[in-house]
$ cat target.cif   # mmCIF, C-alpha atoms and all ligand atoms
data_coords
#
loop_
_atom_site.label_atom_id
_atom_site.label_comp_id
_atom_site.auth_asym_id
_atom_site.auth_seq_id
_atom_site.Cartn_x
_atom_site.Cartn_y
_atom_site.Cartn_z
CA MET A 14 -26.11 -3.16 -25.55
CA GLU A 15 -23.21 -1.12 -24.14
CA PHE A 16 -23.14 -1.66 -20.36
CA GLU A 17 -19.77 -0.12 -19.49
CA LYS A 18 -21.23 3.41 -19.17
CA TYR A 19 -23.64 2.23 -16.46
CA ILE A 20 -20.90 0.94 -14.17
CA THR A 21 -20.08 3.24 -11.24
CA LYS A 22 -16.69 4.63 -10.35
CA ARG A 23 -16.93 2.52 -7.21
CA ALA A 24 -17.41 -0.74 -9.09
CA LYS A 25 -14.83 -0.03 -11.81
CA PRO A 26 -11.69 -0.79 -9.80
CA LEU A 27 -13.03 -4.23 -8.84
CA LYS A 28 -11.46 -7.09 -10.72
CA ALA A 29 -12.36 -10.78 -10.58
CA SER A 30 -10.29 -12.30 -7.83
CA GLY A 31 -7.51 -14.48 -9.21
CA ILE A 32 -8.53 -17.01 -6.62
CA ARG A 33 -12.07 -17.21 -7.98
CA GLU A 34 -10.61 -17.53 -11.49
CA MET A 35 -8.45 -20.33 -10.20
CA PHE A 36 -11.56 -22.00 -8.77
CA LYS A 37 -12.85 -22.35 -12.34
CA LEU A 38 -9.74 -24.28 -13.37
CA MET A 39 -10.02 -26.26 -10.18
CA ALA A 40 -13.43 -27.59 -11.21
CA ASP A 41 -11.29 -30.33 -12.81
CA PRO A 42 -11.25 -33.02 -10.08
CA ALA A 43 -7.72 -34.02 -11.11
CA VAL A 44 -6.35 -30.65 -9.95
CA ILE A 45 -4.47 -30.66 -6.64
CA SER A 46 -5.63 -27.48 -5.00
CA LEU A 47 -3.23 -25.73 -2.66
CA ALA A 48 -5.08 -22.53 -3.54
CA GLY A 49 -8.18 -22.41 -1.35
CA GLY A 50 -8.74 -20.92 2.08
CA SER A 51 -11.33 -23.33 3.33
CA PRO A 52 -11.15 -25.45 6.43
CA ASP A 53 -10.96 -29.20 5.88
CA PRO A 54 -14.50 -30.36 4.91
CA GLU A 55 -13.75 -33.66 6.69
CA LEU A 56 -13.99 -31.63 9.91
CA PHE A 57 -17.49 -30.28 9.29
CA PRO A 58 -19.76 -31.76 12.00
CA THR A 59 -22.31 -32.81 9.39
CA ASP A 60 -24.20 -35.40 11.47
CA PHE A 61 -24.68 -32.99 14.34
CA LEU A 62 -25.70 -30.18 11.97
CA ALA A 63 -28.22 -32.45 10.21
CA GLU A 64 -29.74 -33.36 13.55
CA ILE A 65 -30.00 -29.84 14.92
CA SER A 66 -31.21 -28.34 11.63
CA ALA A 67 -34.11 -30.83 11.60
CA GLU A 68 -34.80 -30.18 15.28
CA ILE A 69 -34.82 -26.39 14.81
CA LEU A 70 -37.15 -26.57 11.81
CA LYS A 71 -39.47 -28.97 13.62
CA ASN A 72 -39.64 -27.26 16.99
CA ASN A 73 -38.86 -23.65 16.17
CA GLY A 74 -39.49 -23.43 12.43
CA LYS A 75 -41.68 -20.33 12.58
CA LYS A 76 -38.89 -18.35 14.19
CA ALA A 77 -36.17 -19.87 11.99
CA LEU A 78 -37.98 -18.90 8.79
CA ALA A 79 -39.28 -15.46 9.79
CA TYR A 80 -37.56 -12.08 9.56
CA GLY A 81 -35.16 -11.44 12.42
CA THR A 82 -33.44 -8.42 13.96
CA THR A 83 -30.56 -6.76 12.12
CA ASP A 84 -28.05 -7.03 14.97
CA GLY A 85 -28.58 -10.78 15.15
CA TYR A 86 -30.25 -13.63 17.00
CA ALA A 87 -29.99 -12.80 20.72
CA PRO A 88 -28.98 -16.29 21.95
CA LEU A 89 -26.17 -16.39 19.36
CA LYS A 90 -24.98 -12.97 20.50
CA GLU A 91 -24.89 -14.31 24.07
CA GLU A 92 -22.84 -17.36 23.03
CA LEU A 93 -20.40 -15.23 21.04
CA LYS A 94 -20.08 -12.75 23.91
CA LYS A 95 -19.01 -15.63 26.16
CA ARG A 96 -16.38 -16.63 23.60
CA THR A 97 -15.04 -13.10 23.35
CA GLU A 98 -15.53 -11.78 26.90
CA ASN A 99 -11.79 -11.77 27.56
CA ILE A 100 -11.25 -9.33 24.69
CA SER A 101 -14.01 -6.78 25.12
CA SER A 102 -16.15 -5.03 27.70
CA PHE A 103 -19.73 -5.86 26.81
CA ASP A 104 -20.83 -4.79 30.28
CA LYS A 105 -19.69 -1.26 29.39
CA GLU A 106 -19.98 -0.09 25.81
CA ASP A 107 -19.13 -2.79 23.30
CA LYS A 108 -21.88 -4.30 21.21
CA ILE A 109 -21.91 -7.28 18.94
CA ILE A 110 -23.51 -7.45 15.50
CA ILE A 111 -23.91 -10.81 13.79
CA THR A 112 -22.88 -10.54 10.14
CA THR A 113 -23.10 -12.68 7.04
CA GLY A 114 -19.53 -13.89 7.37
CA ALA A 115 -16.58 -11.79 8.47
CA GLN A 116 -16.50 -10.50 4.91
CA GLN A 117 -19.72 -8.57 5.49
CA ALA A 118 -18.43 -7.16 8.79
CA ILE A 119 -15.37 -5.84 6.96
CA ASP A 120 -17.46 -4.44 4.14
CA LEU A 121 -19.83 -2.68 6.57
CA VAL A 122 -16.88 -1.05 8.32
CA ALA A 123 -15.49 0.06 4.96
CA ARG A 124 -18.86 1.57 4.03
CA ALA A 125 -19.29 3.30 7.39
CA VAL A 126 -15.79 4.73 7.69
CA VAL A 127 -14.13 5.26 4.32
CA GLU A 128 -14.83 8.10 1.90
CA ASP A 129 -13.33 8.61 -1.59
CA ASP A 130 -9.53 8.77 -1.43
CA ASP A 131 -9.29 8.26 2.33
CA LEU A 132 -5.96 6.72 3.25
CA VAL A 133 -6.26 3.18 4.59
CA VAL A 134 -3.24 1.16 5.72
CA VAL A 135 -3.18 -2.57 5.03
CA GLU A 136 -0.53 -5.20 5.60
CA SER A 137 1.40 -5.95 2.43
CA PRO A 138 0.34 -8.56 1.35
CA SER A 139 -3.21 -8.79 2.72
CA PHE A 140 -6.58 -10.57 2.41
CA VAL A 141 -8.08 -9.98 -1.03
CA GLY A 142 -11.69 -9.79 0.24
CA THR A 143 -10.86 -6.78 2.38
CA LEU A 144 -8.76 -5.13 -0.33
CA ASN A 145 -11.76 -5.41 -2.66
CA SER A 146 -14.20 -4.01 -0.10
CA LEU A 147 -11.87 -1.07 0.44
CA ARG A 148 -11.42 -0.60 -3.33
CA SER A 149 -15.19 -0.56 -3.75
CA VAL A 150 -15.44 2.48 -1.46
CA ARG A 151 -12.55 4.10 -3.34
CA ALA A 152 -10.06 3.97 -0.48
CA ASN A 153 -6.51 4.98 -1.17
CA LEU A 154 -4.70 1.80 -0.07
CA ILE A 155 -1.22 1.94 1.38
CA GLY A 156 0.58 -1.35 1.98
CA VAL A 157 3.01 -1.68 4.88
CA THR A 158 5.65 -4.42 4.63
CA MET A 159 5.09 -7.60 6.62
CA GLU A 160 8.05 -8.73 8.69
CA SER A 161 8.31 -12.13 10.42
CA ASP A 162 6.52 -10.68 13.50
CA GLY A 163 3.96 -8.46 11.77
CA MET A 164 3.85 -5.04 10.10
CA ASP A 165 7.04 -2.98 9.94
CA MET A 166 6.24 -0.40 12.63
CA SER A 167 8.76 2.24 11.50
CA GLU A 168 7.35 2.09 7.98
CA LEU A 169 3.85 2.36 9.47
CA GLU A 170 4.85 5.42 11.49
CA SER A 171 6.29 7.19 8.47
CA VAL A 172 3.06 6.48 6.53
CA LEU A 173 1.01 7.87 9.45
CA LYS A 174 3.24 10.96 9.60
CA GLY A 175 2.92 11.46 5.84
CA GLY A 176 -0.86 11.94 5.63
CA LYS A 177 -4.12 11.52 7.53
CA VAL A 178 -4.82 7.78 7.69
CA LYS A 179 -8.37 6.87 8.71
CA LEU A 180 -8.15 3.12 9.19
CA ILE A 181 -5.49 0.46 9.72
CA TYR A 182 -6.50 -3.08 8.75
CA THR A 183 -4.68 -6.01 10.31
CA ILE A 184 -5.00 -9.80 10.59
CA PRO A 185 -2.75 -10.33 13.61
CA ASN A 186 -3.08 -14.13 13.91
CA PHE A 187 -1.82 -16.50 11.19
CA GLN A 188 -2.34 -13.82 8.60
CA ASN A 189 -3.86 -14.49 5.22
CA PRO A 190 -1.77 -14.91 3.04
CA THR A 191 1.51 -15.04 5.00
CA GLY A 192 0.62 -17.19 8.03
CA ILE A 193 2.54 -14.63 10.14
CA THR A 194 1.49 -13.73 13.71
CA MET A 195 2.02 -10.22 15.07
CA SER A 196 4.08 -10.09 18.27
CA LEU A 197 2.64 -8.55 21.45
CA GLU A 198 5.20 -5.69 21.25
CA LYS A 199 3.95 -4.82 17.77
CA ARG A 200 0.29 -5.06 18.82
CA GLU A 201 1.00 -2.59 21.62
CA LYS A 202 2.95 -0.34 19.26
CA LEU A 203 0.18 -0.47 16.65
CA LEU A 204 -2.38 0.65 19.21
CA GLU A 205 -0.04 3.38 20.47
CA LEU A 206 0.49 4.69 16.91
CA ALA A 207 -3.22 4.51 16.06
CA THR A 208 -3.92 6.55 19.21
CA LYS A 209 -1.16 9.06 18.49
CA TYR A 210 -2.29 9.61 14.88
CA ASP A 211 -5.98 9.15 15.68
CA CYS A 212 -6.97 6.32 13.36
CA LEU A 213 -9.26 3.35 13.79
CA ILE A 214 -7.96 -0.22 13.76
CA LEU A 215 -9.88 -3.02 12.07
CA GLU A 216 -8.70 -6.25 13.70
CA ASP A 217 -9.72 -9.30 11.68
CA ASN A 218 -9.28 -12.58 13.53
CA PRO A 219 -10.93 -15.50 11.73
CA TYR A 220 -8.02 -17.89 12.35
CA GLY A 221 -7.30 -17.03 16.01
CA ASP A 222 -8.61 -20.36 17.38
CA LEU A 223 -6.52 -22.42 14.98
CA ARG A 224 -3.20 -22.27 16.88
CA PHE A 225 -1.16 -25.48 16.65
CA ALA A 226 2.24 -24.20 17.89
CA GLY A 227 3.70 -21.44 20.09
CA THR A 228 1.78 -19.47 22.71
CA PRO A 229 -1.35 -17.32 22.26
CA VAL A 230 -0.90 -13.54 22.00
CA PRO A 231 -3.61 -11.17 23.35
CA THR A 232 -5.83 -9.56 20.74
CA ILE A 233 -5.32 -5.86 20.03
CA LYS A 234 -8.96 -5.36 21.03
CA SER A 235 -8.18 -6.65 24.53
CA LEU A 236 -5.47 -3.96 24.92
CA ASP A 237 -7.81 -1.20 23.75
CA LYS A 238 -9.58 0.93 26.37
CA GLU A 239 -11.43 3.45 24.21
CA GLY A 240 -13.07 1.41 21.43
CA ARG A 241 -10.57 2.41 18.74
CA VAL A 242 -10.36 -1.23 17.66
CA LEU A 243 -13.23 -2.71 15.66
CA TYR A 244 -12.98 -6.47 16.08
CA VAL A 245 -14.14 -9.01 13.49
CA GLY A 246 -14.62 -12.72 14.22
CA SER A 247 -16.00 -15.63 12.23
CA LEU A 248 -17.25 -19.19 12.60
CA SER A 249 -16.17 -19.97 9.02
CA LYS A 250 -12.86 -21.55 9.92
CA ILE A 251 -13.92 -23.46 13.03
CA LEU A 252 -17.43 -24.57 12.02
CA SER A 253 -18.26 -24.04 8.34
CA PRO A 254 -17.72 -21.20 5.84
CA GLY A 255 -20.99 -22.02 4.05
CA LEU A 256 -23.12 -21.13 7.07
CA ARG A 257 -21.87 -17.54 6.67
CA ILE A 258 -21.69 -16.54 10.35
CA GLY A 259 -19.36 -13.72 11.30
CA TYR A 260 -19.54 -10.94 13.87
CA LEU A 261 -18.34 -7.46 14.62
CA VAL A 262 -17.57 -6.03 18.06
CA CYS A 263 -17.67 -2.25 18.17
CA ARG A 264 -19.26 0.62 20.08
CA GLY A 265 -20.87 4.04 19.97
CA GLU A 266 -22.51 5.91 17.10
CA LEU A 267 -20.28 4.08 14.65
CA CYS A 268 -21.71 0.75 15.76
CA ASP A 269 -25.27 2.11 15.44
CA LYS A 270 -24.52 3.37 11.93
CA ILE A 271 -23.00 0.04 10.90
CA GLU A 272 -26.17 -1.70 12.04
CA ILE A 273 -28.24 0.57 9.79
CA ILE A 274 -25.92 -0.10 6.85
CA LYS A 275 -26.37 -3.83 7.44
CA GLN A 276 -30.13 -3.34 7.45
CA VAL A 277 -29.89 -1.67 4.05
CA ASN A 278 -27.52 -4.38 2.90
CA ASP A 279 -29.30 -7.65 3.76
CA VAL A 280 -31.78 -6.86 6.60
CA HIS A 281 -30.23 -9.61 8.72
CA THR A 282 -28.18 -12.78 8.54
CA PRO A 283 -30.50 -15.79 8.01
CA CYS A 284 -32.16 -16.85 11.27
CA LEU A 285 -31.86 -20.55 10.46
CA THR A 286 -28.05 -20.51 10.16
CA GLN A 287 -27.79 -18.30 13.25
CA MET A 288 -29.88 -20.80 15.21
CA ILE A 289 -27.76 -23.69 13.96
CA ALA A 290 -24.61 -21.85 15.01
CA THR A 291 -26.11 -21.16 18.45
CA GLU A 292 -26.82 -24.84 19.09
CA PHE A 293 -23.33 -25.75 17.85
CA LEU A 294 -21.77 -23.36 20.37
CA LYS A 295 -24.12 -24.46 23.16
CA ARG A 296 -24.26 -28.20 22.71
CA TYR A 297 -21.26 -29.38 20.73
CA ASP A 298 -17.91 -29.96 22.35
CA VAL A 299 -16.41 -26.93 20.60
CA ALA A 300 -13.12 -27.10 22.53
CA ALA A 301 -12.56 -30.72 21.44
CA HIS A 302 -13.59 -29.86 17.87
CA ILE A 303 -11.06 -26.99 17.71
CA LYS A 304 -8.37 -29.18 19.32
CA LYS A 305 -8.90 -31.80 16.62
CA ALA A 306 -8.79 -29.16 13.86
CA CYS A 307 -5.52 -27.80 15.28
CA GLU A 308 -4.02 -31.29 15.34
CA VAL A 309 -5.01 -31.88 11.71
CA TYR A 310 -3.74 -28.49 10.48
CA GLY A 311 -0.55 -28.68 12.55
CA ARG A 312 0.23 -32.11 11.13
CA LYS A 313 -0.52 -31.08 7.53
CA CYS A 314 1.46 -27.85 7.87
CA ARG A 315 4.52 -29.68 9.20
CA PHE A 316 4.17 -32.28 6.48
CA MET A 317 3.95 -29.64 3.75
CA MET A 318 7.08 -27.94 5.08
CA GLU A 319 8.95 -31.27 5.14
CA CYS A 320 7.96 -31.79 1.50
CA MET A 321 9.14 -28.26 0.65
CA GLU A 322 12.51 -28.99 2.31
CA LYS A 323 12.75 -32.10 0.19
CA TYR A 324 11.55 -30.83 -3.20
CA PHE A 325 12.04 -27.04 -3.38
CA PRO A 326 15.27 -25.43 -4.64
CA LYS A 327 17.54 -24.05 -1.91
CA SER A 328 17.03 -20.40 -2.92
CA VAL A 329 13.32 -20.62 -2.09
CA THR A 330 12.19 -19.78 1.47
CA TRP A 331 8.86 -19.69 3.28
CA THR A 332 7.07 -18.52 6.44
CA LYS A 333 6.68 -20.89 9.41
CA PRO A 334 3.11 -20.49 10.68
CA GLU A 335 2.05 -21.30 14.25
CA GLY A 336 -1.57 -21.74 13.19
CA GLY A 337 -4.17 -20.99 10.53
CA LEU A 338 -4.24 -22.36 7.02
CA PHE A 339 -1.45 -20.73 4.97
CA ILE A 340 2.27 -20.65 4.17
CA LEU A 341 3.77 -17.90 2.00
CA VAL A 342 6.61 -18.98 -0.28
CA TYR A 343 9.30 -16.46 -1.30
CA CYS A 344 11.16 -17.14 -4.58
CA PRO A 345 14.11 -15.30 -6.12
CA GLU A 346 13.03 -12.16 -7.99
CA SER A 347 13.46 -13.76 -11.40
CA ILE A 348 10.28 -15.76 -10.74
CA ASP A 349 6.98 -14.25 -11.86
CA ALA A 350 4.56 -16.00 -9.49
CA ALA A 351 1.47 -15.20 -11.61
CA LYS A 352 3.01 -16.92 -14.67
CA LEU A 353 4.32 -19.75 -12.50
CA SER A 354 0.86 -20.45 -11.09
CA MET A 355 -0.74 -20.62 -14.55
CA GLU A 356 1.99 -22.96 -15.74
CA ALA A 357 1.62 -25.13 -12.63
CA VAL A 358 -2.09 -25.58 -13.15
CA GLN A 359 -1.83 -26.19 -16.90
CA LYS A 360 1.23 -28.44 -16.91
CA TYR A 361 1.02 -30.22 -13.55
CA LYS A 362 -2.59 -29.64 -12.46
CA VAL A 363 -1.47 -28.02 -9.22
CA ALA A 364 -3.09 -24.77 -8.08
CA PHE A 365 -1.74 -22.10 -5.71
CA VAL A 366 -2.28 -18.35 -5.46
CA PRO A 367 0.36 -15.84 -6.60
CA SER A 368 0.81 -12.86 -4.27
CA ASN A 369 -0.21 -10.16 -6.75
CA ASN A 370 -3.75 -11.12 -5.68
CA PHE A 371 -2.92 -9.91 -2.18
CA ALA A 372 -1.16 -6.71 -3.24
CA THR A 373 -2.60 -3.19 -3.21
CA ASN A 374 -1.78 -3.15 -6.92
CA ILE A 375 -2.93 -6.42 -8.48
CA ASP A 376 -0.88 -5.73 -11.64
CA GLU A 377 2.34 -5.69 -9.61
CA LYS A 378 4.80 -8.47 -10.48
CA THR A 379 5.43 -10.67 -7.43
CA SER A 380 7.75 -13.59 -6.84
CA SER A 381 5.92 -15.04 -3.83
CA PHE A 382 2.85 -17.27 -3.64
CA ARG A 383 0.45 -18.68 -1.05
CA LEU A 384 0.03 -22.34 -0.26
CA ASN A 385 -2.88 -23.81 1.66
CA TYR A 386 -2.51 -27.11 3.50
CA SER A 387 -5.94 -27.62 5.06
CA THR A 388 -7.98 -29.37 2.41
CA MET A 389 -5.73 -31.87 0.58
CA SER A 390 -4.61 -35.28 1.85
CA GLU A 391 -0.92 -35.73 2.73
CA GLU A 392 -0.50 -37.83 -0.41
CA LYS A 393 -1.84 -34.99 -2.58
CA ILE A 394 0.20 -32.41 -0.67
CA GLU A 395 3.39 -34.36 -1.44
CA GLU A 396 2.43 -34.81 -5.10
CA GLY A 397 1.59 -31.10 -5.42
CA ILE A 398 4.72 -29.82 -3.70
CA LYS A 399 6.91 -32.17 -5.72
CA ALA A 400 5.41 -30.79 -8.95
CA VAL A 401 5.85 -27.16 -7.84
CA GLY A 402 9.44 -28.02 -6.85
CA THR A 403 10.13 -29.50 -10.29
CA LEU A 404 8.74 -26.38 -11.96
CA LEU A 405 10.76 -24.06 -9.71
CA LYS A 406 13.95 -26.05 -10.36
CA GLU A 407 13.31 -25.82 -14.12
CA LYS A 408 12.90 -22.04 -13.85
CA LEU A 409 15.81 -21.42 -11.51
CA GLY A 410 18.13 -23.93 -13.12
CA GLU A 411 18.92 -25.44 -9.70
C1 LIG A 501 -8.42 -12.74 6.83
C2 LIG A 501 -9.81 -13.09 6.44
N1 LIG A 501 -10.81 -12.31 6.84
C3 LIG A 501 -12.08 -12.59 6.54
C4 LIG A 501 -12.40 -13.69 5.77
C5 LIG A 501 -13.83 -13.93 5.41
O1 LIG A 501 -14.37 -14.91 6.22
P1 LIG A 501 -15.92 -15.27 6.23
O2 LIG A 501 -16.05 -16.60 5.60
O3 LIG A 501 -16.28 -15.28 7.69
O4 LIG A 501 -16.64 -14.21 5.49
C6 LIG A 501 -11.39 -14.55 5.34
C7 LIG A 501 -11.71 -15.71 4.50
O5 LIG A 501 -10.90 -16.38 3.93
C8 LIG A 501 -10.06 -14.24 5.68
O6 LIG A 501 -9.04 -14.99 5.29
#

$ encode --input "target.cif" --output "structure tokens"
Amino acid sequence: MEFEKYITKRAKPLKASGIREMFKLMADPAVISLAGGSPDPELFPTDFLAEISAEILKNNGKKALAYGTTDGYAPLKEELKKRTENISSFDKEDKIIITTGAQQAIDLVARAVVEDDDLVVVESPSFVGTLNSLRSVRANLIGVTMESDGMDMSELESVLKGGKVKLIYTIPNFQNPTGITMSLEKREKLLELATKYDCLILEDNPYGDLRFAGTPVPTIKSLDKEGRVLYVGSLSKILSPGLRIGYLVCRGELCDKIEIIKQVNDVHTPCLTQMIATEFLKRYDVAAHIKKACEVYGRKCRFMMECMEKYFPKSVTWTKPEGGLFILVYCPESIDAAKLSMEAVQKYKVAFVPSNNFATNIDEKTSSFRLNYSTMSEEKIEEGIKAVGTLLKEKLGE
């Protein structure tokens, strides 16, 4: 049967994520994966989660297994409000909606806000999950260059002057894929420009808690007085990605509409995982858990950079993250990162993600690639970086 003709214009631009494709190759246990975006599974509080899951099912099973409300389990909303009270004004207008991961929050915003061909600004490069959500609503994506302290604001202003932009998407802390953090000056400027040109900002902050160096920078949402910023958070990187708990902070009719779209989408996020997350936030020492995660990621990040100093050719440079899970590596233009990554996995069994996956145009040739340091042991990190270094030296003749 011919299925192509049944596929909508919305679904057509979606391509399998290169990262997911890479996951298939990575099924081989011998592969050293520097490609993922997961937190370190060693940090999952499995014993605690086993205990509270059993307790919830035993004492509150009828509630945990029933239908729930679309906006989320009220005690979880309360816990998340406490965690975010410094960034929003829940006493006034902001509301919180629990979502099935941050990915769903982003997708709901895309569905509520973007019509065919609407201009949407994204950082270049940016998170593939959001690019795909925006593609699926047929947004016209415009990438703005990332500098070492966030988006290039003059480039952003000329884009905003050039046509009516509806939404600006940013990951201001330890951005995926660059690891870059936006400076306070740029956050203020971004809000000023969004106000001047009347566009919404989607602030995505799943890595914000994972700072292992430098000083925290206020969220854009905390600088916003009128609700122009829609804020997305997640427990994926500090608790577990598999529980699928994210949240959206927004206000007004837009927030009400997003809630209805979620209802259409999945009715609600599973009550059981919401209840587990609530008990984690209430009863676990979350501050100590995050501190430990930051120590682990800080140590692994520094170690990976030391290995890169040792094994990478001199013409190769990289970002220096203050938190999160990623480093972006910049190679000379002669390198085709997509080809390099295939060769690395086939020849040396090392996986990383070439930046075309994070570009507005996935077919674009890029010479940079993303490395993840959270999941592999230091021994594997060294082995992997050494192999990538050998391959790069072969290609560059250094
Ligand atoms: C920037 C960014 N936003 C959102 C997500 C999605 O997170 P979640 O697991 O909460 O859906 C990710 C996951 O990697 C991410 O990197």

$ residues_near_ligand --input "target.cif" --ligand "ligand LIG 501 (chain A)" --cutoff "9 Å" --atoms "only C-alpha atoms and all ligand atoms" --output "NGL selection string"
:A and (49-51 or 112-119 or 139-143 or 183-184 or 186-190 or 217-220 or 245-250 or 253-260 or 338)

$ atom_distance --input "target.cif" --atom1 "atom CA of A:Ser66" --atom2 "atom CA of A:Ser390"
29.2 Å

$ residues_around --input "target.cif" --residues "A:Thr194" --least-positions-apart "2" --cutoff "8 Å" --atoms "all atoms listed in the file" --output "PyMOL selection string"
chain A and resi 161-163+185-188+192+196+334-335

$ atom_distance --input "target.cif" --atom1 "atom CA of A:Gly85" --atom2 "atom CA of A:Ile111"
4.9 Å

$ closest_residue --input "target.cif" --among "A:Pro367, A:Gly176, A:Pro26, A:Pro52" --to "A:Met355" --atoms "all atoms listed in the file"
A:Pro367

$ residues_around --input "target.cif" --residues "stretch 90-93 of chain A" --least-positions-apart "2" --cutoff "10 Å" --atoms "only C-alpha atoms" --output "mmCIF file with C-alpha atoms, keeping the file's coordinate frame"
data_model
loop_
_atom_site.group_PDB
_atom_site.id
_atom_site.type_symbol
_atom_site.label_atom_id
_atom_site.label_comp_id
_atom_site.auth_asym_id
_atom_site.auth_seq_id
_atom_site.Cartn_x
_atom_site.Cartn_y
_atom_site.Cartn_z
ATOM 1 C CA ASP A 84 -28.050 -7.030 14.970
ATOM 2 C CA GLY A 85 -28.580 -10.780 15.150
ATOM 3 C CA TYR A 86 -30.250 -13.630 17.000
ATOM 4 C CA ALA A 87 -29.990 -12.800 20.720
ATOM 5 C CA PRO A 88 -28.980 -16.290 21.950
ATOM 6 C CA LYS A 95 -19.010 -15.630 26.160
ATOM 7 C CA ARG A 96 -16.380 -16.630 23.600
ATOM 8 C CA THR A 97 -15.040 -13.100 23.350
ATOM 9 C CA GLU A 98 -15.530 -11.780 26.900
ATOM 10 C CA LYS A 108 -21.880 -4.300 21.210
ATOM 11 C CA ILE A 109 -21.910 -7.280 18.940
ATOM 12 C CA ILE A 110 -23.510 -7.450 15.500
ATOM 13 C CA ILE A 111 -23.910 -10.810 13.790
ATOM 14 C CA GLY A 246 -14.620 -12.720 14.220
ATOM 15 C CA SER A 247 -16.000 -15.630 12.230
ATOM 16 C CA LEU A 248 -17.250 -19.190 12.600
ATOM 17 C CA GLY A 259 -19.360 -13.720 11.300
ATOM 18 C CA TYR A 260 -19.540 -10.940 13.870
ATOM 19 C CA GLN A 287 -27.790 -18.300 13.250
ATOM 20 C CA ALA A 290 -24.610 -21.850 15.010
ATOM 21 C CA THR A 291 -26.110 -21.160 18.450
ATOM 22 C CA GLU A 292 -26.820 -24.840 19.090
ATOM 23 C CA PHE A 293 -23.330 -25.750 17.850
ATOM 24 C CA LEU A 294 -21.770 -23.360 20.370
ATOM 25 C CA LYS A 295 -24.120 -24.460 23.160
#

$ atom_distance --input "target.cif" --atom1 "atom CA of A:Tyr361" --atom2 "atom CA of A:Ala400"
6.4 Å

$ closest_residue --input "target.cif" --among "A:Gly240, A:Leu121, A:Lys94, A:Ala63" --to "A:Asp279" --atoms "only C-alpha atoms"
A:Leu121

$ closest_residue --input "target.cif" --among "A:Lys323, A:Phe371, A:Met14, A:Ala300" --to "A:Glu136" --atoms "all atoms listed in the file"
A:Phe371

$ closest_residue --input "target.cif" --among "A:Glu68, A:Asp107, A:Asp53, A:Asp130" --to "A:Leu261" --atoms "only C-alpha atoms"
A:Asp107
